[in-house]
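Asks: Here's a structure for you.
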Protein chains: 2
Amino acid sequence: MNYKKIHLAERDMPTHWYNVVADMPNKPLPPLHPGTRQPVGPEDLAPLFPMELIKQEVTAERYVEIPDEIRRIYQLWRPTPLIRATNLEKALDTPAKIYYKYEGVSPSGSHKPNTAVAQAYYNKLEGVKRITTETGAGQWGTALSFACKQFGLECEVYMVRISYDQKPYRKLIMQSFGAQVFPSPSELTEAGRRILQQDPASSGSLGIAISEAIERAAGDPHTKYSLGSVLNHVLMHQTIIGQEAIKQLEYTGDFPDVVIAPLGGGSNFAGIAMPFLRYKLAEGRNVRCVAVEPASCPKLTKGAFKYDFGDTAGYTPLLPMYTLGHNFMPPSIHAGGLRYHGASVICSQLLKDGLMEAVALQQLECFRAGVLFAETEGILPAPEANHAIAQAIREAESAKQEGKARTILFNLCGHGHFDLQAYDDYFAGRLTDHYLTEEQLHANLGEIEVLQPVG
Amino acid sequence: MNYKKIHLAERDMPTHWYNVVADMPNKPLPPLHPGTRQPVGPEDLAPLFPMELIKQEVTAERYVEIPDEIRRIYQLWRPTPLIRATNLEKALDTPAKIYYKYEGVSPSGSHKPNTAVAQAYYNKLEGVKRITTETGAGQWGTALSFACKQFGLECEVYMVRISYDQKPYRKLIMQSFGAQVFPSPSELTEAGRRILQQDPASSGSLGIAISEAIERAAGDPHTKYSLGSVLNHVLMHQTIIGQEAIKQLEYTGDFPDVVIAPLGGGSNFAGIAMPFLRYKLAEGRNVRCVAVEPASCPKLTKGAFKYDFGDTAGYTPLLPMYTLGHNFMPPSIHAGGLRYHGASVICSQLLKDGLMEAVALQQLECFRAGVLFAETEGILPAPEANHAIAQAIREAESAKQEGKARTILFNLCGHGHFDLQAYDDYFAGRLTDHYLTEEQLHANLGEIEVLQPVG
């Protein structure tokens, strides 16, 4: 028998996070204050984030040490397995080798706890008592609930009303980890009350939930706010994924020709791809990094690179990124984690500089890929992860057509145990592909016309 | 940092299943034909099972080789991790070491595929085209669906109507693995039609579903039937769990003082305990094996040892076992896998001979244990698994009271991702303990009075 799963010993777990900014030829542009259009400083962010995370947000250091207490909690599920998709390869009859890094073994079933644990730790260190956040589908809220529990912090999750009603299981897991979960809009905040006054039956949105979570944090000195993607420090915390994968691939003697991950805000993609990108940036090694987005929310392939708000309501700093406009509303697709209008500043700059690639895929192809993966590899993937699988299959098929060996690595960022409604919709033929017109894609792009910092 | 998870290399996966019958001082009594009360022979079972499994059912060999093709599929998730519950130990402030073997990493999220894959393989080898089975909560049906898919077999699952309606996610996973799932009673069988004629709104029962699955298999030469617990060969297939655990514990230098698992039919318990029991039987080593049953279905602690039917309808051979009577209806509890009226013949004989122990626990204690486990170890357990955790906590607490070190091992047989309704009921205070009266416990025990084979 050949090996199938490559387990890294716990003592070989990476000791540092990798900060790709140190190796980027063009550094990211700074976030701007929406009023002054001047770069924001640490003091602007201090009401929301602990100082250690603000420092990580702007650090130029290449490696940031992972504190032992975080590593001790990572150890509950890390290092995660690297698995050779031998059965999928066989089903595709491809000469390509396909590897996947499986993050679904974490307490919340996705890669999200890698940053949630780190963020909870630094908040605890600064004496914070409570962390607020928003959650859409519930993946991020679950991860943060678990992380807060580890440090005895309270966790307050504002969950988009429609998900709160339609995904009761997600809410239940957060409660099992001790979090308080409120449907958003709620009566607990000004922002929530304002919406409810206008529309008592509002089904909510991620934008509203962010506003509520931020308002709660800003109004209480013992409460801070936490974000599950997009920001530099969040991307950095995820790089433990790719660093582990590099060590695991050393056992096989392989190095990937292409590294693939879904991209919603950017932390999933950055987590696996950045440590490999380092080999390209520092050593000129030939490795393609491919971000996969849904065709229904194609900011990387169809958006514009400009300053835009990170949230719908326009409360955040302006961020220089690929965006479809902060009021862009994607058609409802089941990969809720990929419906974000913009991409992280780091990923946006790398794409602009031609150092990574992006591709937009339709959802039916992605679900087809996910079902084939479940049948052959025995893991039912999260709909977000299906995007990476579909692209890995494309790469494997092109290897077959060219009759060439190729090593493919993708991030299986989570399992689909709480996404079965989406599979039911797929099997029942209720899902469709989405072809957006140029008009739909560009309708929200003219709102903000800031291309650079003032001065 | 100390180790937390012990991964066994794939090349060290056990090559044989262990058959405890070879080492039992008193061999199990034979199953009897319900008409003649004579021991049943292979020809009686041939319409339902492939000959290789019938041979395994009666073999006296100590070790049966695991075919390479089965090991290749096991490799998708095996060897499973052995994990030291360091965080739980800390929360309990106990001098005991607690280890758990985690079977939730399998494609169906429980230990069930260990036998499902083996059974599908031997059916395939004999040219069978389709396997039928029943499922209650859905764990077994999911495992068999996955296993059939690996060998290109059709899988027909009769799912108890009330679960079919209340647990749509379980049905969806089975369908994702390509199975046909029918609510039972169905119009597809005589047995089903008869019930529906009497009660068109029947919510079904495991007994009815078994009858339907058996009827379909018996009526078609290309179709066989498969059972997920109770039978000798099923127990044997699960012993890969305990054998792996032995090898993993060698790395730590520990040997368990006590091995704990839930007992529904017996395969979960036998899977982890039998390989350790061998040390007791063959070498006189001091290791306690403790089966945990729910107080609402206490066949081991309150039942009688006698010949009884394996199913409610009385279609199966008579089996010599601890039973509450085949018409015993336990109060509805959420650990659906533990509601079976009898215990496997092997476990019953071992208990009768004082070679294993049994304890019955109330469900609130079990859920409390499960929530503490999720908070500390980051895995939300299946309600069945909570029974083992609760007993492990009892053992750890008694070690603390005695001020003595103790090594505890339990089988974490599955995750609770599809059992969140049960946790919701627990958090909402809708669950209660069950105290059965002697009358309730013994009401169904007088039906069959066969104590030994004829002649």
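Chain lettering (A, B, ...) mirrors the order of the structure tokens, residue numbering begins at 1 for each chain separately, and ligand numbering begins at 1 in order of display.
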Please return, as a count of residues only, all residues of chain A lying within 8 Å of chain B when only C-alpha atoms are considered.

Replies: 36

Asks: Near Lys27 in chain A, within 9 Å and counting only C-alpha atoms, which residues show up once chain neighbours fewer than 4 positions away are dropped, as a ChimeraX atom specification?

Replies: /A:21-23,346,349

Asks: Skipping near chain neighbours, those fewer than 5 positions away, what residues fall within 9 Å of Tyr322 in chain B using only C-alpha atoms, listed as a ChimeraX atom specification?

Replies: /B:299-308,341-345,347-349,351-352

Asks: Would you return as a PyMOL selection string the members of range 217-440 of chain A that DSSP assigns to alpha helix (DSSP H) on this structure's backbone?

Replies: chain A and resi 217-218+232-238+240-252+267-283+299-302+345-352+363-377+383-402+420-427+438-440

Asks: I'd like the neighbourhood of Ser398 in chain A as a compact mmCIF listing (two decimals) with N, CA and C atoms, in the first residue's frame, where a residue qualifies if any of its atoms comes within 12 Å (using only C-alpha atoms), though same-chain residues fewer than 3 positions away should be ignored.

Replies:
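To be explicit, this is the file written out as part.txt:
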```txt
# COMPACT_ATOMS: atom_id res chain seq x y z
N LEU A 92 -10.47 10.20 -12.04
CA LEU A 92 -10.22 11.14 -13.14
C LEU A 92 -9.27 10.54 -14.18
N ASP A 93 -8.63 9.41 -13.83
CA ASP A 93 -7.65 8.79 -14.72
C ASP A 93 -6.63 9.83 -15.20
N THR A 94 -6.05 10.52 -14.23
CA THR A 94 -5.13 11.62 -14.55
C THR A 94 -3.69 11.26 -14.16
N PRO A 95 -2.70 11.74 -14.91
CA PRO A 95 -1.30 11.55 -14.49
C PRO A 95 -0.92 12.49 -13.35
N ALA A 96 -1.80 13.43 -13.00
CA ALA A 96 -1.46 14.42 -11.96
C ALA A 96 -1.54 13.79 -10.57
N GLN A 391 -11.55 23.40 -9.32
CA GLN A 391 -10.38 23.91 -10.04
C GLN A 391 -9.26 22.86 -10.06
N ALA A 392 -9.12 22.11 -8.96
CA ALA A 392 -8.12 21.04 -8.94
C ALA A 392 -8.45 20.00 -10.02
N ILE A 393 -9.72 19.71 -10.19
CA ILE A 393 -10.13 18.76 -11.23
C ILE A 393 -9.81 19.32 -12.62
N ARG A 394 -10.06 20.61 -12.82
CA ARG A 394 -9.70 21.24 -14.11
C ARG A 394 -8.20 21.08 -14.39
N GLU A 395 -7.40 21.32 -13.36
CA GLU A 395 -5.94 21.22 -13.54
C GLU A 395 -5.54 19.78 -13.83
N GLN A 401 -4.87 15.85 -20.59
CA GLN A 401 -4.88 16.20 -22.02
C GLN A 401 -3.47 16.42 -22.55
N GLU A 402 -2.64 17.05 -21.70
CA GLU A 402 -1.26 17.30 -22.13
C GLU A 402 -0.37 16.07 -21.94
N GLY A 403 -0.93 15.05 -21.26
CA GLY A 403 -0.15 13.85 -21.01
C GLY A 403 1.07 14.10 -20.13
N LYS A 404 0.93 15.07 -19.20
CA LYS A 404 2.06 15.46 -18.37
C LYS A 404 1.77 15.23 -16.89
N ALA A 405 2.78 14.86 -16.13
CA ALA A 405 2.64 14.81 -14.67
C ALA A 405 2.49 16.24 -14.16
N ARG A 406 1.84 16.40 -13.06
CA ARG A 406 1.68 17.73 -12.45
C ARG A 406 1.31 17.49 -10.99
N ILE A 408 -0.63 18.93 -7.79
CA ILE A 408 -1.68 19.90 -7.46
C ILE A 408 -1.93 19.83 -5.96
```

Asks: Excluding range 363-366 of chain B and any residue of its chain fewer than 2 positions from it, enumerate the residues within 6 Å of it, using only C-alpha atoms, and give them as a PyMOL selection string.

Replies: chain B and resi 368-369+386-387+390+433

Asks: Restrict the selected residues to all heavy atoms and save them as a PDB file, in the first residue's frame.

Replies:
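In the end it all went to out37.pdb:
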```pdb
ATOM      1  N   ARG B 368     -24.313  16.234  30.061  1.00  0.00           N
ATOM      2  CA  ARG B 368     -23.447  17.141  30.800  1.00  0.00           C
ATOM      3  C   ARG B 368     -21.987  16.808  30.491  1.00  0.00           C
ATOM      4  O   ARG B 368     -21.164  17.690  30.232  1.00  0.00           O
ATOM      5  CB  ARG B 368     -23.738  16.992  32.298  1.00  0.00           C
ATOM      6  CG  ARG B 368     -23.430  18.200  33.142  1.00  0.00           C
ATOM      7  CD  ARG B 368     -24.269  18.227  34.444  1.00  0.00           C
ATOM      8  NE  ARG B 368     -24.312  16.948  35.124  1.00  0.00           N
ATOM      9  CZ  ARG B 368     -25.442  16.331  35.490  1.00  0.00           C
ATOM     10  NH1 ARG B 368     -26.631  16.872  35.248  1.00  0.00           N
ATOM     11  NH2 ARG B 368     -25.396  15.172  36.116  1.00  0.00           N
ATOM     12  N   ALA B 369     -21.681  15.527  30.475  1.00  0.00           N
ATOM     13  CA  ALA B 369     -20.313  15.079  30.163  1.00  0.00           C
ATOM     14  C   ALA B 369     -19.931  15.472  28.734  1.00  0.00           C
ATOM     15  O   ALA B 369     -18.807  15.927  28.477  1.00  0.00           O
ATOM     16  CB  ALA B 369     -20.207  13.568  30.350  1.00  0.00           C
ATOM     17  N   ASN B 386     -21.382  10.067  24.439  1.00  0.00           N
ATOM     18  CA  ASN B 386     -21.455  10.743  25.737  1.00  0.00           C
ATOM     19  C   ASN B 386     -21.520   9.748  26.893  1.00  0.00           C
ATOM     20  O   ASN B 386     -21.081  10.051  28.009  1.00  0.00           O
ATOM     21  CB  ASN B 386     -22.678  11.665  25.793  1.00  0.00           C
ATOM     22  CG  ASN B 386     -22.506  12.906  24.931  1.00  0.00           C
ATOM     23  OD1 ASN B 386     -21.394  13.221  24.523  1.00  0.00           O
ATOM     24  ND2 ASN B 386     -23.605  13.595  24.654  1.00  0.00           N
ATOM     25  N   HIS B 387     -22.092   8.583  26.637  1.00  0.00           N
ATOM     26  CA  HIS B 387     -22.169   7.574  27.693  1.00  0.00           C
ATOM     27  C   HIS B 387     -20.775   7.117  28.123  1.00  0.00           C
ATOM     28  O   HIS B 387     -20.519   6.919  29.309  1.00  0.00           O
ATOM     29  CB  HIS B 387     -23.022   6.385  27.224  1.00  0.00           C
ATOM     30  CG  HIS B 387     -24.485   6.709  27.131  1.00  0.00           C
ATOM     31  ND1 HIS B 387     -25.003   7.526  26.149  1.00  0.00           N
ATOM     32  CD2 HIS B 387     -25.531   6.360  27.919  1.00  0.00           C
ATOM     33  CE1 HIS B 387     -26.306   7.643  26.335  1.00  0.00           C
ATOM     34  NE2 HIS B 387     -26.660   6.950  27.401  1.00  0.00           N
ATOM     35  N   ALA B 390     -19.083  10.022  30.081  1.00  0.00           N
ATOM     36  CA  ALA B 390     -19.597  10.156  31.452  1.00  0.00           C
ATOM     37  C   ALA B 390     -18.958   9.111  32.364  1.00  0.00           C
ATOM     38  O   ALA B 390     -18.582   9.409  33.506  1.00  0.00           O
ATOM     39  CB  ALA B 390     -21.120  10.026  31.451  1.00  0.00           C
ATOM     40  N   ASP B 433     -34.351  12.416  32.940  1.00  0.00           N
ATOM     41  CA  ASP B 433     -33.863  11.073  33.215  1.00  0.00           C
ATOM     42  C   ASP B 433     -35.058  10.119  33.238  1.00  0.00           C
ATOM     43  O   ASP B 433     -36.210  10.560  33.329  1.00  0.00           O
ATOM     44  CB  ASP B 433     -33.123  11.055  34.560  1.00  0.00           C
ATOM     45  CG  ASP B 433     -31.750  11.731  34.449  1.00  0.00           C
ATOM     46  OD1 ASP B 433     -31.253  11.840  33.313  1.00  0.00           O
ATOM     47  OD2 ASP B 433     -31.213  12.150  35.480  1.00  0.00           O
TER      48      ASP B 433
END
```

Asks: For a quick check of understanding, using only C-alpha atoms, which of A:Gln238, A:Gln243, A:Gln197, A:Asn286 has the smallest distance to Asn114 in chain A?

Replies: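 Selected residue with least distance to Asn114 in chain A: A:Gln238.
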
Asks: Got a sec: who's within 12 Å of Ala60 in chain B, counting only C-alpha atoms, leaving out chain neighbours fewer than 4 positions off, as a PyMOL selection string?

Replies: chain B and resi 18-24+27-28+55-56+64+232-233+236

Asks: DSSP says strand (DSSP E or B) for which residues of range 153-377 of chain A? Put them as number ranges by chain?

Replies: A: 154-160, 180-184, 223-225, 258-262, 288-294, 304-309, 318-323, 342, 357-361

Asks: Dump C-alpha atoms for the selected residues as a compact mmCIF listing (two decimals), in the first residue's frame?

Replies:
```txt
# COMPACT_ATOMS: atom_id res chain seq x y z
CA GLU A 154 -17.54 36.04 26.72
CA CYS A 155 -18.51 35.83 23.08
CA GLU A 156 -21.38 37.77 21.54
CA VAL A 157 -22.31 36.79 18.01
CA TYR A 158 -24.63 38.79 15.76
CA MET A 159 -25.99 36.27 13.30
CA VAL A 160 -27.76 37.40 10.16
CA GLN A 180 -24.54 34.27 23.18
CA VAL A 181 -26.06 34.38 19.72
CA PHE A 182 -28.43 37.16 18.70
CA PRO A 183 -30.37 37.40 15.48
CA SER A 184 -29.39 40.59 13.65
CA THR A 223 -15.34 44.68 24.85
CA LYS A 224 -13.49 44.38 21.56
CA TYR A 225 -14.45 43.33 18.06
CA VAL A 258 -0.13 24.80 -8.50
CA VAL A 259 -1.70 25.71 -5.13
CA ILE A 260 -5.46 26.29 -5.10
CA ALA A 261 -7.92 27.69 -2.56
CA PRO A 262 -11.30 29.42 -2.50
CA ARG A 288 1.24 29.05 -9.51
CA CYS A 289 -1.16 30.23 -6.78
CA VAL A 290 -4.79 30.18 -7.94
CA ALA A 291 -7.66 31.78 -6.03
CA VAL A 292 -11.14 30.50 -6.91
CA GLU A 293 -14.16 32.75 -6.56
CA PRO A 294 -17.80 32.11 -7.43
CA ALA A 304 -11.96 47.07 -10.09
CA PHE A 305 -8.89 47.81 -7.97
CA LYS A 306 -9.78 50.88 -5.91
CA TYR A 307 -10.34 52.16 -2.40
CA ASP A 308 -13.65 50.89 -1.00
CA PHE A 309 -15.31 50.25 2.33
CA LEU A 318 -11.29 52.61 3.06
CA LEU A 319 -9.26 49.65 1.80
CA PRO A 320 -7.30 49.44 -1.48
CA MET A 321 -8.68 46.28 -3.02
CA TYR A 322 -10.39 44.49 -5.86
CA THR A 323 -14.05 45.16 -5.29
CA GLY A 342 -14.06 42.75 -1.88
CA GLU A 357 -4.04 34.08 -10.46
CA ALA A 358 -7.80 34.14 -10.09
CA VAL A 359 -10.59 32.17 -11.70
CA ALA A 360 -14.38 32.40 -11.31
CA LEU A 361 -16.42 29.17 -11.37
```

Asks: Can you tell me which residues surround Gly337 in chain A at a distance of at most 9 Å, considering only C-alpha atoms, apart from same-chain residues fewer than 6 positions away, and format the answer as a list in words?

Replies: Gly136, Ala137, Gln139, Leu263, Gly264, Gly265, Pro383 and Glu384 of chain A

Asks: Quote the spacing between CA of Pro275 in chain A and CA of Thr142 in chain A in Å to one decimal place.

Replies: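 Atom-to-atom, CA of Pro275 in chain A and CA of Thr142 in chain A are spaced 26.3 Å apart.
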